[in-house]
file entry_26.cif (mmCIF, C-alpha atoms)
data_target
loop_
_atom_site.label_atom_id
_atom_site.label_comp_id
_atom_site.auth_asym_id
_atom_site.auth_seq_id
_atom_site.Cartn_x
_atom_site.Cartn_y
_atom_site.Cartn_z
CA MET A 1374 -78.60 10.10 76.81
CA ASP A 1375 -77.94 10.91 73.14
CA CYS A 1376 -79.62 9.50 70.00
CA ARG A 1377 -76.80 7.10 69.18
CA ASN A 1378 -76.87 5.44 72.59
CA THR A 1379 -80.64 5.29 72.59
CA LYS A 1380 -80.73 3.60 69.18
CA GLN A 1381 -78.22 1.02 70.29
CA LEU A 1382 -80.26 0.20 73.37
CA LEU A 1383 -83.67 0.07 71.69
CA HIS A 1384 -83.72 -3.70 71.26
CA ASP A 1385 -82.69 -4.42 74.80
CA PHE A 1386 -85.24 -1.87 75.93
CA ALA A 1387 -87.97 -3.65 73.96
CA ASP A 1388 -86.89 -7.00 75.41
CA GLY A 1389 -86.85 -5.58 78.96
CA ARG A 1390 -83.16 -6.39 79.43
CA LEU A 1391 -82.05 -2.95 80.60
CA ALA A 1392 -81.47 -1.84 84.16
CA GLU A 1393 -84.31 0.25 85.55
CA SER A 1394 -82.39 3.53 85.55
CA VAL A 1395 -81.12 3.02 81.97
CA ALA A 1396 -84.60 2.04 80.77
CA ARG A 1397 -85.98 5.24 82.32
CA ASP A 1398 -83.35 7.29 80.46
CA VAL A 1399 -84.21 5.64 77.16
CA GLN A 1400 -87.91 6.21 77.75
CA ARG A 1401 -87.32 9.88 78.56
CA HIS A 1402 -85.22 10.35 75.41
CA MET A 1403 -87.82 8.61 73.24
CA ALA A 1404 -90.52 10.92 74.55
CA GLU A 1405 -88.47 13.95 73.55
CA CYS A 1406 -86.82 12.80 70.27
CA SER A 1407 -88.96 12.27 67.17
CA ASP A 1408 -85.97 10.96 65.16
CA CYS A 1409 -85.51 8.10 67.55
CA ARG A 1410 -89.22 7.33 67.50
CA VAL A 1411 -89.13 7.11 63.69
CA PHE A 1412 -86.03 4.94 63.90
CA GLN A 1413 -87.77 2.62 66.34
CA GLN A 1414 -90.82 2.30 64.10
CA ARG A 1415 -88.73 1.56 61.02
CA ASP A 1416 -86.75 -0.98 62.98
CA MET A 1417 -89.96 -2.71 63.98
CA HIS A 1418 -91.06 -2.84 60.35
CA LEU A 1419 -87.68 -4.25 59.38
CA GLN A 1420 -88.19 -7.06 61.87
CA GLN A 1421 -91.56 -7.78 60.31
CA LEU A 1422 -90.02 -7.76 56.85
CA LEU A 1423 -87.36 -10.24 57.93
CA ALA A 1424 -90.20 -12.63 58.78
CA VAL A 1425 -90.28 -13.39 55.05
CA LYS A 1426 -86.80 -14.89 55.37
CA ARG A 1427 -87.97 -17.11 58.21
CA HIS A 1428 -90.45 -18.78 55.91
CA GLU A 1429 -88.08 -19.52 53.04
CA MET A 1430 -87.82 -23.30 53.07
CA PRO A 1431 -86.51 -25.89 50.66
CA GLY A 1432 -88.90 -28.51 49.30
CA ALA A 1433 -89.90 -31.45 51.48
CA ALA A 1434 -87.70 -33.89 49.55
CA TYR A 1435 -84.65 -31.62 49.58
CA PHE A 1436 -82.86 -33.45 52.38
CA ASP A 1437 -83.76 -36.98 51.27
CA ASN A 1438 -80.34 -37.66 49.76
CA PHE A 1439 -78.37 -35.47 52.13
CA LEU A 1440 -76.96 -38.31 54.20
CA SER A 1441 -75.96 -40.46 51.22
CA GLU A 1442 -74.34 -37.45 49.53
CA PHE A 1443 -72.51 -36.72 52.76
CA HIS A 1444 -71.25 -40.32 52.90
CA GLN A 1445 -70.03 -40.14 49.31
CA ARG A 1446 -68.14 -36.94 49.96
CA LEU A 1447 -66.72 -38.26 53.20
CA VAL A 1448 -65.42 -41.39 51.46
CA ALA A 1449 -63.94 -39.28 48.67
CA GLU A 1450 -62.26 -36.89 51.08
CA THR A 1451 -60.91 -39.44 53.50
CA ALA A 1452 -59.70 -41.92 50.85
CA PRO A 1453 -55.88 -42.15 50.59
CA ARG A 1454 -54.43 -40.07 47.80
CA PRO A 1455 -52.81 -41.92 44.86
CA SER A 1456 -49.06 -42.22 45.14
CA PHE A 1457 -46.56 -40.62 42.78
CA TRP A 1458 -46.21 -43.89 40.85
CA GLN A 1459 -49.94 -44.36 40.54
CA GLN A 1460 -50.33 -40.82 39.24
CA LEU A 1461 -47.47 -41.38 36.80
CA CYS A 1462 -48.94 -44.69 35.62
CA GLU A 1463 -52.30 -43.05 35.15
CA ARG A 1464 -50.78 -40.22 33.18
CA LEU A 1465 -48.78 -42.55 30.97
CA ASN A 1466 -51.67 -45.00 30.64
CA ILE A 1467 -49.67 -47.87 32.11
CA GLN A 1468 -51.07 -50.63 34.29
CA PRO A 1469 -49.38 -50.22 37.68
CA VAL A 1470 -47.72 -53.26 39.29
CA PRO A 1471 -50.26 -54.26 41.91
CA LYS A 1472 -47.93 -55.78 44.50
CA LEU A 1473 -45.32 -53.06 44.44
CA ARG A 1474 -46.48 -50.14 46.48
CA LEU A 1475 -44.01 -47.50 45.54
CA SER A 1476 -44.31 -44.19 47.21
CA TYR A 1477 -42.78 -40.84 46.49
CA ALA A 1478 -39.95 -41.58 48.94
CA HIS A 1479 -39.12 -44.78 47.06
CA ALA A 1480 -39.03 -42.86 43.81
CA LEU A 1481 -36.65 -40.34 45.34
CA GLY A 1482 -34.42 -43.11 46.67
CA ALA A 1483 -34.29 -44.84 43.30
CA ALA A 1484 -33.49 -41.58 41.54
CA PHE A 1485 -30.70 -40.88 44.04
CA ALA A 1486 -29.19 -44.36 43.56
CA LEU A 1487 -29.31 -43.96 39.80
CA ALA A 1488 -27.65 -40.57 40.09
CA LEU A 1489 -24.86 -42.09 42.21
CA ILE A 1490 -24.24 -44.87 39.70
CA TRP A 1491 -24.18 -42.42 36.83
CA ARG A 1492 -21.74 -40.16 38.66
CA GLY A 1493 -19.48 -43.13 39.39
CA LEU A 1494 -19.47 -44.15 35.74
CA MET A 1495 -18.63 -40.62 34.70
CA LEU A 1496 -15.65 -40.49 37.09
CA VAL A 1497 -14.22 -43.78 35.79
CA GLU A 1498 -14.56 -42.90 32.14
CA SER A 1499 -13.51 -39.27 32.37
CA PRO A 1500 -10.23 -38.59 30.37
CA SER A 1501 -9.21 -35.93 32.87
CA ASN A 1502 -8.66 -38.66 35.47
CA VAL A 1503 -6.10 -40.39 33.26
CA GLY A 1504 -4.05 -37.22 33.08
CA ARG A 1505 -4.36 -36.76 36.80
CA GLN A 1506 -2.57 -40.11 37.39
CA ASP A 1507 0.45 -38.92 35.35
CA PHE A 1508 0.88 -35.84 37.41
CA ALA A 1509 0.68 -37.72 40.66
CA ILE A 1510 4.35 -38.73 40.69
CA PRO A 1511 6.02 -35.32 41.17
CA HIS A 1512 3.76 -34.71 44.19
CA SER A 1513 4.72 -38.05 45.79
CA THR A 1514 6.75 -38.17 48.96
CA PRO A 1515 10.51 -38.92 48.80
CA GLN A 1516 9.85 -42.33 50.43
CA MET A 1517 7.53 -43.35 47.62
CA ILE A 1518 10.03 -42.25 45.03
CA ALA A 1519 12.82 -44.09 46.82
CA SER A 1520 10.79 -47.29 46.84
CA GLU A 1521 10.50 -47.13 43.08
CA LEU A 1522 14.25 -46.68 42.60
CA PRO A 1523 16.49 -49.71 41.79
CA THR A 1524 17.46 -51.69 44.91
CA ARG A 1525 21.22 -51.83 44.28
CA SER A 1526 22.02 -48.34 45.47
CA ALA A 1527 25.78 -48.94 45.04
CA GLU A 1528 25.42 -49.16 41.27
CA LEU A 1529 23.43 -45.99 41.05
CA LYS A 1530 24.99 -42.98 39.51
CA LEU A 1531 23.95 -39.48 40.31
CA ALA A 1532 23.17 -38.82 36.69
CA ASP A 1533 20.57 -41.65 36.67
CA LEU A 1534 18.61 -40.09 39.47
CA PRO A 1535 15.83 -37.73 38.49
CA VAL A 1536 16.35 -34.26 39.79
CA PHE A 1537 13.47 -33.09 41.88
CA PRO A 1538 13.39 -29.64 43.42
CA ILE A 1539 12.12 -31.12 46.66
CA LEU A 1540 15.22 -33.35 46.96
CA ALA A 1541 17.60 -30.55 46.10
CA GLY A 1542 17.30 -28.96 49.52
CA THR A 1543 17.23 -32.14 51.62
CA ALA A 1544 19.50 -34.82 50.14
CA PHE A 1545 22.34 -32.58 48.92
CA GLY A 1546 22.82 -30.18 51.82
CA ALA A 1547 21.14 -27.00 53.02
CA PRO A 1548 20.28 -24.33 50.41
CA ARG A 1549 22.67 -21.48 50.15
CA TYR A 1550 21.57 -17.87 49.75
CA VAL A 1551 23.93 -15.39 48.14
CA LEU A 1552 23.56 -11.64 48.38
CA ASP A 1553 24.63 -10.18 45.12
CA HIS A 1554 24.02 -6.52 46.08
CA ILE A 1555 23.94 -4.55 49.33
CA ALA A 1556 22.39 -1.10 49.24
CA ALA A 1557 24.82 1.52 50.46
CA THR A 1558 22.18 4.10 51.40
CA PRO A 1559 19.56 3.47 54.09
CA ALA A 1560 15.96 3.33 53.11
CA SER A 1561 13.96 6.56 53.63
CA TYR A 1562 10.28 6.72 54.40
CA GLU A 1563 9.96 10.49 53.83
CA VAL A 1564 7.82 11.60 50.98
CA ALA A 1565 9.86 13.36 48.42
CA SER A 1566 8.84 16.98 48.03
CA ILE A 1567 7.84 18.05 44.58
CA HIS A 1568 8.76 21.51 43.37
CA PHE A 1569 7.09 23.08 40.42
CA MET B 210 -70.20 -83.33 85.80
CA THR B 211 -66.47 -83.00 86.06
CA ALA B 212 -64.66 -79.78 86.75
CA PHE B 213 -63.38 -79.81 83.19
CA GLN B 214 -66.89 -80.09 81.81
CA LYS B 215 -68.02 -77.23 84.03
CA LEU B 216 -65.15 -75.11 82.78
CA ALA B 217 -65.86 -76.04 79.17
CA GLY B 218 -69.50 -75.10 79.62
CA LYS B 219 -68.55 -71.80 81.19
CA LEU B 220 -66.14 -71.00 78.40
CA LYS B 221 -68.75 -71.91 75.85
CA ARG B 222 -71.33 -69.61 77.43
CA GLN B 223 -68.97 -66.68 77.82
CA PRO B 224 -68.73 -65.60 74.18
CA THR B 225 -72.45 -65.91 73.76
CA SER B 226 -73.12 -63.59 76.65
CA LEU B 227 -70.50 -61.11 75.39
CA ALA B 228 -72.00 -61.16 71.95
CA GLU B 229 -75.42 -60.61 73.44
CA ALA B 230 -74.11 -57.72 75.49
CA ARG B 231 -72.58 -56.16 72.42
CA LYS B 232 -75.75 -56.68 70.48
CA ALA B 233 -77.79 -55.09 73.24
CA GLU B 234 -75.40 -52.18 73.33
CA HIS B 235 -75.74 -51.72 69.59
CA VAL B 236 -79.50 -51.88 69.73
CA ILE B 237 -79.60 -48.67 71.85
CA ASP B 238 -81.71 -46.22 69.94
CA LEU B 239 -79.14 -43.67 68.88
CA SER B 240 -81.79 -41.32 67.56
CA GLN B 241 -82.88 -40.80 71.18
CA ALA B 242 -79.34 -40.41 72.51
CA ASN B 243 -78.19 -36.95 73.51
CA ASP B 244 -75.38 -35.10 71.75
CA GLU B 245 -72.77 -35.94 74.39
CA THR B 246 -73.42 -39.66 74.03
CA LEU B 247 -73.28 -39.49 70.26
CA VAL B 248 -70.11 -37.42 70.28
CA ALA B 249 -68.47 -39.84 72.73
CA ARG B 250 -69.40 -42.75 70.48
CA VAL B 251 -68.01 -41.02 67.39
CA GLN B 252 -64.82 -40.23 69.26
CA GLY B 253 -64.67 -43.92 70.17
CA GLY B 254 -64.80 -44.87 66.50
CA ASP B 255 -68.53 -45.35 65.88
CA ARG B 256 -69.04 -43.61 62.56
CA GLU B 257 -72.71 -44.44 62.49
CA ALA B 258 -73.34 -42.23 65.52
CA PHE B 259 -72.24 -39.23 63.50
CA ASP B 260 -75.09 -39.85 61.05
CA TYR B 261 -77.54 -39.11 63.84
CA LEU B 262 -75.82 -35.80 64.52
CA VAL B 263 -75.99 -34.98 60.81
CA LEU B 264 -79.69 -35.83 60.70
CA ARG B 265 -80.34 -33.81 63.82
CA TYR B 266 -78.69 -30.55 62.74
CA LYS B 267 -78.65 -30.51 58.95
CA GLU B 268 -81.81 -28.43 58.55
CA ARG B 269 -80.92 -25.81 61.14
CA LEU B 270 -77.44 -25.39 59.71
CA TYR B 271 -78.82 -25.32 56.20
CA ALA B 272 -81.21 -22.50 57.13
CA THR B 273 -78.44 -20.32 58.55
CA VAL B 274 -76.07 -20.92 55.65
CA TYR B 275 -78.86 -20.46 53.12
CA HIS B 276 -79.86 -17.08 54.56
CA MET B 277 -76.25 -15.97 54.42
CA THR B 278 -75.67 -17.09 50.82
CA SER B 279 -79.17 -16.74 49.30
CA ASN B 280 -78.34 -19.78 47.21
CA HIS B 281 -79.51 -23.25 48.10
CA GLU B 282 -76.84 -25.14 46.10
CA ASP B 283 -74.10 -23.23 47.90
CA ALA B 284 -75.87 -23.81 51.20
CA ASN B 285 -76.06 -27.55 50.62
CA ASP B 286 -72.36 -27.78 49.71
CA LEU B 287 -71.30 -25.65 52.65
CA VAL B 288 -73.32 -27.62 55.19
CA GLN B 289 -71.75 -30.83 53.90
CA ASP B 290 -68.32 -29.21 54.12
CA ALA B 291 -69.05 -28.24 57.71
CA PHE B 292 -70.08 -31.79 58.63
CA ILE B 293 -67.02 -33.28 56.93
CA LYS B 294 -64.77 -30.84 58.77
CA ALA B 295 -66.49 -31.65 62.03
CA PHE B 296 -66.13 -35.39 61.46
CA LYS B 297 -62.43 -35.04 60.72
CA LYS B 298 -61.81 -32.92 63.81
CA ILE B 299 -64.20 -34.54 66.24
CA LYS B 300 -61.35 -36.16 68.15
CA SER B 301 -60.08 -32.69 69.05
CA PHE B 302 -63.53 -31.56 70.23
CA LYS B 303 -63.09 -31.12 73.98
CA ARG B 304 -66.77 -30.65 74.84
CA GLU B 305 -66.15 -27.23 76.36
CA SER B 306 -69.16 -26.02 74.41
CA SER B 307 -72.16 -27.93 73.14
CA PHE B 308 -71.81 -29.87 69.91
CA TYR B 309 -74.43 -27.61 68.33
CA THR B 310 -72.44 -24.45 69.11
CA TRP B 311 -69.30 -26.13 67.78
CA ILE B 312 -70.83 -27.34 64.49
CA TYR B 313 -72.66 -24.03 64.12
CA ARG B 314 -69.35 -22.19 64.46
CA ILE B 315 -67.75 -24.43 61.84
CA ALA B 316 -70.64 -23.88 59.42
CA VAL B 317 -70.71 -20.09 59.90
CA ASN B 318 -66.92 -19.83 59.53
CA CYS B 319 -67.00 -22.00 56.40
CA THR B 320 -69.69 -19.73 54.96
CA ILE B 321 -67.93 -16.48 55.86
CA ASN B 322 -64.67 -17.76 54.33
CA HIS B 323 -66.50 -18.94 51.25
CA LEU B 324 -68.18 -15.55 50.82
CA LYS B 325 -64.96 -13.64 51.44
CA ARG B 326 -63.16 -15.69 48.81
CA GLY B 327 -65.92 -14.72 46.40
CA ARG B 328 -66.53 -18.29 45.34
CA ASN B 329 -70.25 -18.09 45.87
CA ARG B 330 -72.58 -18.38 42.94
CA GLN B 331 -73.49 -14.85 41.97
CA ASN B 332 -77.08 -15.58 41.04
CA PHE B 333 -79.80 -16.15 43.60
CA SER B 334 -81.28 -19.56 44.00
CA LEU B 335 -84.03 -18.94 46.49
CA ASP B 336 -86.18 -21.41 48.30
CA ASP B 337 -89.93 -20.99 48.16
CA VAL B 338 -91.72 -19.18 50.92
CA ASP B 339 -93.93 -21.66 52.73
CA SER B 340 -97.65 -21.19 53.12
CA HIS B 341 -97.37 -20.67 56.90
CA ILE B 342 -96.22 -17.12 56.27
CA GLN B 343 -99.84 -16.01 55.82
CA ALA B 344 -100.41 -16.88 59.47
CA ASP B 345 -97.24 -15.24 60.77
CA PRO B 346 -98.30 -12.23 62.90
CA ASP B 347 -95.24 -10.25 61.83
CA PHE B 348 -96.08 -10.73 58.18
CA VAL B 349 -99.76 -9.95 58.68
CA GLU B 350 -98.79 -6.75 60.49
CA LEU B 351 -96.32 -5.87 57.74
CA MET B 352 -98.87 -6.24 54.98
CA SER B 353 -101.43 -4.16 56.85
CA HIS B 354 -99.34 -0.99 56.68
CA VAL B 355 -100.03 1.61 54.04
CA THR B 356 -96.76 1.55 52.08
CA PRO B 357 -95.62 0.54 48.58
CA ARG B 358 -95.08 -3.04 49.82
CA ARG B 359 -98.83 -3.64 49.53
CA GLU B 360 -98.43 -3.49 45.79
CA VAL B 361 -95.39 -5.70 45.56
CA GLY B 362 -95.82 -9.42 45.44
CA LEU B 363 -94.33 -11.77 47.95
CA ILE B 364 -91.70 -13.07 45.52
CA GLU B 365 -90.55 -9.55 44.70
CA LEU B 366 -90.38 -8.68 48.37
CA GLN B 367 -88.36 -11.82 49.02
CA GLU B 368 -85.92 -10.91 46.27
CA LYS B 369 -85.53 -7.31 47.47
CA LEU B 370 -84.84 -8.57 50.97
CA ASN B 371 -82.20 -10.99 49.74
CA VAL B 372 -80.54 -8.32 47.60
CA ALA B 373 -80.37 -6.03 50.64
CA LEU B 374 -78.94 -8.77 52.84
CA GLN B 375 -76.27 -9.60 50.28
CA LYS B 376 -75.14 -5.97 50.37
CA LEU B 377 -74.16 -6.28 54.02
CA SER B 378 -70.66 -7.37 54.94
CA GLU B 379 -70.28 -11.08 55.75
CA ASP B 380 -69.89 -10.45 59.48
CA HIS B 381 -72.89 -8.12 59.67
CA ARG B 382 -75.00 -10.50 57.61
CA ALA B 383 -74.10 -13.40 59.86
CA VAL B 384 -75.25 -11.47 62.93
CA VAL B 385 -78.53 -10.35 61.36
CA VAL B 386 -79.31 -13.86 60.14
CA MET B 387 -78.54 -15.45 63.47
CA HIS B 388 -80.39 -12.88 65.57
CA ASP B 389 -83.28 -11.56 63.49
CA VAL B 390 -84.00 -14.60 61.33
CA GLN B 391 -82.91 -17.55 63.43
CA GLY B 392 -83.67 -16.01 66.80
CA LEU B 393 -80.37 -16.75 68.57
CA THR B 394 -79.51 -14.68 71.64
CA HIS B 395 -76.59 -12.23 71.74
CA ALA B 396 -74.71 -14.59 74.04
CA ASP B 397 -75.16 -17.56 71.68
CA ILE B 398 -74.03 -15.51 68.70
CA ALA B 399 -71.00 -14.29 70.64
CA ARG B 400 -70.09 -17.92 71.41
CA VAL B 401 -70.52 -18.97 67.78
CA LEU B 402 -68.51 -16.06 66.39
CA ASN B 403 -66.01 -16.16 69.23
CA CYS B 404 -66.39 -12.47 70.02
CA SER B 405 -67.89 -10.36 72.80
CA GLU B 406 -71.58 -9.65 73.21
CA GLY B 407 -70.77 -5.96 72.78
CA THR B 408 -69.34 -6.69 69.34
CA VAL B 409 -72.50 -8.61 68.43
CA ARG B 410 -74.74 -5.73 69.54
CA SER B 411 -72.62 -3.22 67.67
CA ARG B 412 -72.63 -5.26 64.45
CA LEU B 413 -76.36 -5.79 64.74
CA PHE B 414 -76.98 -2.08 65.17
CA TYR B 415 -74.92 -1.10 62.12
CA ALA B 416 -76.38 -3.90 60.01
CA ARG B 417 -79.94 -2.85 60.83
CA GLN B 418 -79.14 0.78 60.13
CA GLN B 419 -77.81 -0.24 56.73
CA LEU B 420 -80.81 -2.45 56.03
CA GLN B 421 -83.18 0.39 56.92
CA GLY B 422 -81.48 2.49 54.26
CA LEU B 423 -81.53 -0.29 51.66
CA LEU B 424 -85.17 -1.21 52.27
CA ALA B 425 -86.47 2.31 52.89
CA ASP B 426 -89.25 1.87 50.32
CA TYR B 427 -90.68 -1.08 52.15
CA LEU B 428 -90.56 0.23 55.72
#
call {"tool": "encode", "arguments": {"input": "entry_26.cif", "output": "structure tokens"}}
result
Amino acid sequence: MDCRNTKQLLHDFADGRLAESVARDVQRHMAECSDCRVFQQRDMHLQQLLAVKRHEMPGAAYFDNFLSEFHQRLVAETAPRPSFWQQLCERLNIQPVPKLRLSYAHALGAAFALALIWRGLMLVESPSNVGRQDFAIPHSTPQMIASELPTRSAELKLADLPVFPILAGTAFGAPRYVLDHIAATPASYEVASIHF
Amino acid sequence: MTAFQKLAGKLKRQPTSLAEARKAEHVIDLSQANDETLVARVQGGDREAFDYLVLRYKERLYATVYHMTSNHEDANDLVQDAFIKAFKKIKSFKRESSFYTWIYRIAVNCTINHLKRGRNRQNFSLDDVDSHIQADPDFVELMSHVTPRREVGLIELQEKLNVALQKLSEDHRAVVVMHDVQGLTHADIARVLNCSEGTVRSRLFYARQQLQGLLADYL
């Protein structure tokens, strides 16, 4: 058995908690090793020195208020926390409305509703929306445009009708495509060689 | 007497007997009740029962926390923290260990966390050494040795000891305090710290080795 193992087992050896064979080994090592004997003696003195700690005691009246202090802290720690509105009222020095118990969720809801109203107002009053209505007509379907035309179709002249590109291909026949040039030479995909 | 009158009389007596039963139940001396009973009552909503647990263990917990912090204001705050934490979590206490082991674990963990966060008061605030120390055989034996400690006063010795203890790591200090000062067994310490007995022995060995170096002049 080496010194390190012996030192670790010294307390159990002193308390008689080691197996017989292990205790015999420790005893044999202690008889041979002066270092371990010194260590054991110093350890014993350390135990005696620690006795001082055992006798450090607070005064007799130290715990008199312990229970009441504990109750105060318990009440403080388990009391419900003030809501967002209460904190805000406290910060702004306002008397909170006692019957209205507004929580943080209520505040969020109110803020969201206000935001919706504000957004709605902005959409109604925005000048860009007015312009958008003007441009809505050209994108309307032919049926919508036809409904806005005068009912007496017989009296209508072609010149009175507005010319829309969308109607050009549908109401007045299929579009015609004219080839104005046909390449005589076939297309080549070969890369032209460059000579320097 | 009609049947109705009998019934009325019975109904009239019933609440009285219930009230008496409740009163009798309440009169049970809780200071004599064991921990399991008190814990069961607290878990059932009886806050008063917890007071008896506080009264029962406050001094023992205080001693452990005080030896770990070397400051009695910190110790007082931490013990109260431990009790508050225990009260809040008592419903989750499954009685797998004793209440004492459980509250002890809470207090030691609170203290270790507090020390690791460095929120402890840096100055010592030591309790007085009681007069019984003069009759302690360990102390008598200590003072009989021929070493420089004969010349040092008790207060100086106490301060040197506390300085040395504060130089240990929190885990090592906890083990030394529980074993060498409080007298807990390795198994109990292992249960409190939720580690193996081997770890406790190892920590104790290294802590003592360090203390021997720090207090070499007094050994």
call {"tool": "atom_distance", "arguments": {"input": "entry_26.cif", "atom1": "CA of Asp290 in chain B", "atom2": "CA of Phe302 in chain B"}}
result
17.0 Å
call {"tool": "atom_distance", "arguments": {"input": "entry_26.cif", "atom1": "CA of Lys1380 in chain A", "atom2": "CA of Thr394 in chain B"}}
result
18.5 Å
call {"tool": "resolve_selection", "arguments": {"input": "entry_26.cif", "expression": "the PyMOL selection byres ((chain B and resi 403) around 12)", "output": "list in words"}}
result
Ser306, Thr310, Trp311, Tyr313, Arg314, Ile315, Val317, Asn318, Asp380, His395, Ala396, Asp397, Ile398, Ala399, Arg400, Val401, Leu402, Cys404, Ser405, Glu406, Gly407, Thr408 and Val409 of chain B
call {"tool": "closest_residue", "arguments": {"input": "entry_26.cif", "among": "B:Arg269, B:Lys300, B:His341, B:Arg326", "to": "Asp255 in chain B", "atoms": "all atoms listed in the file"}}
result
B:Lys300
call {"tool": "interface_residues", "arguments": {"input": "entry_26.cif", "of": "chain B", "to": "chain A", "cutoff": "7 Å", "atoms": "all atoms listed in the file", "output": "number ranges by chain"}}
result
B: 289, 293, 336-339, 342, 347-348, 351, 367, 389-390, 414, 421, 428
call {"tool": "resolve_selection", "arguments": {"input": "entry_26.cif", "expression": "the PyMOL selection byres ((chain A and resi 1401-1404) around 10)", "output": "PDB file with C-alpha atoms, in the frame of the given file"}}
result
ATOM      1  CA  MET A1374     -78.600  10.100  76.810  1.00  0.00           C
ATOM      2  CA  ASP A1375     -77.940  10.910  73.140  1.00  0.00           C
ATOM      3  CA  CYS A1376     -79.620   9.500  70.000  1.00  0.00           C
ATOM      4  CA  THR A1379     -80.640   5.290  72.590  1.00  0.00           C
ATOM      5  CA  LYS A1380     -80.730   3.600  69.180  1.00  0.00           C
ATOM      6  CA  LEU A1383     -83.670   0.070  71.690  1.00  0.00           C
ATOM      7  CA  VAL A1395     -81.120   3.020  81.970  1.00  0.00           C
ATOM      8  CA  ALA A1396     -84.600   2.040  80.770  1.00  0.00           C
ATOM      9  CA  ARG A1397     -85.980   5.240  82.320  1.00  0.00           C
ATOM     10  CA  ASP A1398     -83.350   7.290  80.460  1.00  0.00           C
ATOM     11  CA  VAL A1399     -84.210   5.640  77.160  1.00  0.00           C
ATOM     12  CA  GLN A1400     -87.910   6.210  77.750  1.00  0.00           C
ATOM     13  CA  GLU A1405     -88.470  13.950  73.550  1.00  0.00           C
ATOM     14  CA  CYS A1406     -86.820  12.800  70.270  1.00  0.00           C
ATOM     15  CA  SER A1407     -88.960  12.270  67.170  1.00  0.00           C
ATOM     16  CA  ASP A1408     -85.970  10.960  65.160  1.00  0.00           C
ATOM     17  CA  CYS A1409     -85.510   8.100  67.550  1.00  0.00           C
ATOM     18  CA  ARG A1410     -89.220   7.330  67.500  1.00  0.00           C
ATOM     19  CA  VAL A1411     -89.130   7.110  63.690  1.00  0.00           C
ATOM     20  CA  GLN A1413     -87.770   2.620  66.340  1.00  0.00           C
TER      21      GLN A1413
END
call {"tool": "residues_around", "arguments": {"input": "entry_26.cif", "residues": "Phe292 in chain B", "least_positions_apart": "5", "cutoff": "9 Å", "atoms": "all atoms listed in the file", "output": "PDB file with C-alpha atoms, keeping the file's coordinate frame"}}
result
ATOM      1  CA  PHE A1443     -72.510 -36.720  52.760  1.00  0.00           C
TER       2      PHE A1443
ATOM      3  CA  VAL B 263     -75.990 -34.980  60.810  1.00  0.00           C
ATOM      4  CA  LYS B 267     -78.650 -30.510  58.950  1.00  0.00           C
ATOM      5  CA  LEU B 287     -71.300 -25.650  52.650  1.00  0.00           C
ATOM      6  CA  LYS B 297     -62.430 -35.040  60.720  1.00  0.00           C
ATOM      7  CA  ILE B 312     -70.830 -27.340  64.490  1.00  0.00           C
ATOM      8  CA  ILE B 315     -67.750 -24.430  61.840  1.00  0.00           C
ATOM      9  CA  ALA B 316     -70.640 -23.880  59.420  1.00  0.00           C
TER      10      ALA B 316
END
call {"tool": "atom_distance", "arguments": {"input": "entry_26.cif", "atom1": "CA of Ser334 in chain B", "atom2": "CA of Cys319 in chain B"}}
result
19.1 Å
call {"tool": "closest_residue", "arguments": {"input": "entry_26.cif", "among": "B:Asp426, B:Gln418, B:Asp283, B:Ala291", "to": "Phe333 in chain B", "atoms": "all atoms listed in the file"}}
result
B:Asp283
call {"tool": "resolve_selection", "arguments": {"input": "entry_26.cif", "expression": "the PyMOL selection byres ((chain B and resi 386) around 9)", "output": "PyMOL selection string"}}
result
(chain A and resi 1426) or (chain B and resi 273-274+276-277+374+381-385+387-393)
